[in-house]
Every structure is written in structure tokens, then in C-alpha cells.
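Colleague: Below you will find the structure I want to go over with you.
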Amino acid sequence: MEYKIPLVLTPQTEGGYTVTSPLLPELVTEGDSVVEALENVKDAFAAVLELYQESGRSLPENTQIPDAKGPVWLETIRN
């Protein structure tokens, strides 16, 4: 299954980024670069998904992509 979730990357004063999601407050991770932070989201999301499944909770509406071959809205930052 594929999912879409909004992410907020917050630069840290000591360097790197903290990643959170306004849709999934349990999702928190970090990385030394944007690339690393986004890579770490995969593990953080897997942990959140497991937490939701174990507690019998459903993910918020519209997080699952029903047709992974169809168009997906994606916002990104490029320098």
C-alpha cells in the first residue's frame, strides 16, 4: 500500500532537520540533511503505522493512495 502524508521539515540551529507531520502527530524523526531526514521518514512512518494497527486505529482519511499508478499530489523544496 502506498500513502501520502504532509511533512514539515524544521531546520535545527545545530544543523539538520526535524520532520513532523500535522496529520500524524506521532511521526517525529530527524536527519543531518533533507535527503537523510526524508529517508528516515520511512522508518518513522512504519513505526506509526504499526502503532495504529496495534491500537485498532485507522489512519486519517485520504492517507492511502488507492491507485498507485494514478496521479499523486506532491510538494517538494528544491534549492
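Within each chain, counting starts at residue 1; across the C-alpha cells, chains are named A, B, ... in the order shown, with ligands numbered 1 upward in that order.
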Extract, using only C-alpha atoms, all DNA, RNA and protein residues at most 9 Å from stretch 7-14 of chain A, discarding same-chain residues fewer than 5 positions from it, and format them as a list in words.
Modeller: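 My list of contacting residues is Val19, Thr20, Ser21, Pro22, Leu23, Glu30, Val34, Ala37 and Leu38 of chain A.
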Colleague: I need the residues from that last selection saved to file as a PDB file, in the first residue's frame (with N, CA and C atoms), if you can.
Modeller:
```pdb
ATOM      1  N   VAL A  19      11.651  16.310  11.351  1.00  0.00           N
ATOM      2  CA  VAL A  19      10.496  16.091  10.484  1.00  0.00           C
ATOM      3  C   VAL A  19       9.306  15.687  11.349  1.00  0.00           C
ATOM      4  N   THR A  20       8.187  16.374  11.150  1.00  0.00           N
ATOM      5  CA  THR A  20       6.932  16.049  11.811  1.00  0.00           C
ATOM      6  C   THR A  20       5.825  16.042  10.767  1.00  0.00           C
ATOM      7  N   SER A  21       4.656  15.589  11.185  1.00  0.00           N
ATOM      8  CA  SER A  21       3.506  15.595  10.292  1.00  0.00           C
ATOM      9  C   SER A  21       2.302  16.143  11.057  1.00  0.00           C
ATOM     10  N   PRO A  22       1.657  17.180  10.522  1.00  0.00           N
ATOM     11  CA  PRO A  22       0.462  17.704  11.193  1.00  0.00           C
ATOM     12  C   PRO A  22      -0.689  16.694  11.193  1.00  0.00           C
ATOM     13  N   LEU A  23      -0.655  15.741  10.281  1.00  0.00           N
ATOM     14  CA  LEU A  23      -1.706  14.729  10.174  1.00  0.00           C
ATOM     15  C   LEU A  23      -1.456  13.554  11.128  1.00  0.00           C
ATOM     16  N   GLU A  30      14.364  12.802  12.357  1.00  0.00           N
ATOM     17  CA  GLU A  30      15.322  13.858  12.020  1.00  0.00           C
ATOM     18  C   GLU A  30      16.383  13.312  11.083  1.00  0.00           C
ATOM     19  N   VAL A  34      18.312  17.163   4.280  1.00  0.00           N
ATOM     20  CA  VAL A  34      16.936  16.939   3.834  1.00  0.00           C
ATOM     21  C   VAL A  34      16.795  15.505   3.326  1.00  0.00           C
ATOM     22  N   ALA A  37      16.823  13.130   6.270  1.00  0.00           N
ATOM     23  CA  ALA A  37      15.590  13.282   7.044  1.00  0.00           C
ATOM     24  C   ALA A  37      14.418  12.601   6.349  1.00  0.00           C
ATOM     25  N   LEU A  38      14.303  12.780   5.040  1.00  0.00           N
ATOM     26  CA  LEU A  38      13.218  12.152   4.287  1.00  0.00           C
ATOM     27  C   LEU A  38      13.385  10.639   4.238  1.00  0.00           C
TER      28      LEU A  38
END
```
Colleague: I want to know what sits within 9 Å of A:Pro60, based on only C-alpha atoms, with residues of the same chain fewer than 2 positions away left out; could you give that as a PyMOL selection string?
Modeller: chain A and resi 23-24+58+62-64
Colleague: Among the residues of chain A, find those DSSP assigns to helix (DSSP H, G or I) from the backbone and print them as a list in words.
Modeller: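 Everything in chain A that counts as helix (DSSP H, G or I) is Val34, Val35, Glu36, Ala37, Leu38, Glu39, Asn40, Val41, Lys42, Asp43, Ala44, Phe45, Ala46, Ala47, Val48, Leu49, Glu50, Leu51, Tyr52, Gln53 and Glu54 of chain A.
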Colleague: Which residue gives the smallest distance to A:Asn40 among A:Ala68, A:Val28, A:Leu74, A:Met1, with only C-alpha atoms counted?
Modeller: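 Selected residue with least distance to A:Asn40: A:Val28.
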Colleague: Of the residues A:Pro66, A:Glu2, A:Lys42, A:Leu59, which is the one nearest to A:Pro25, using only C-alpha atoms?
Modeller: A:Leu59
Colleague: Rounded to one decimal in Å, what is the spacing between atom CA of A:Asp32 and atom CA of A:Thr76?
Modeller: 17.6 Å
Colleague: Need the shell around A:Glu50: protein/DNA/RNA residues with any atom at most 12 Å away, counting only C-alpha atoms. Skip same-chain ones fewer than 6 positions apart. Format as a list in words?
Modeller: Glu26, Leu27, Asp43, Ala44, Gly56, Arg57, Ser58 and Leu59 of chain A
Colleague: Interatomic distance between atom CA of A:Glu36 and atom CA of A:Gly16?
Modeller: 9.0 Å
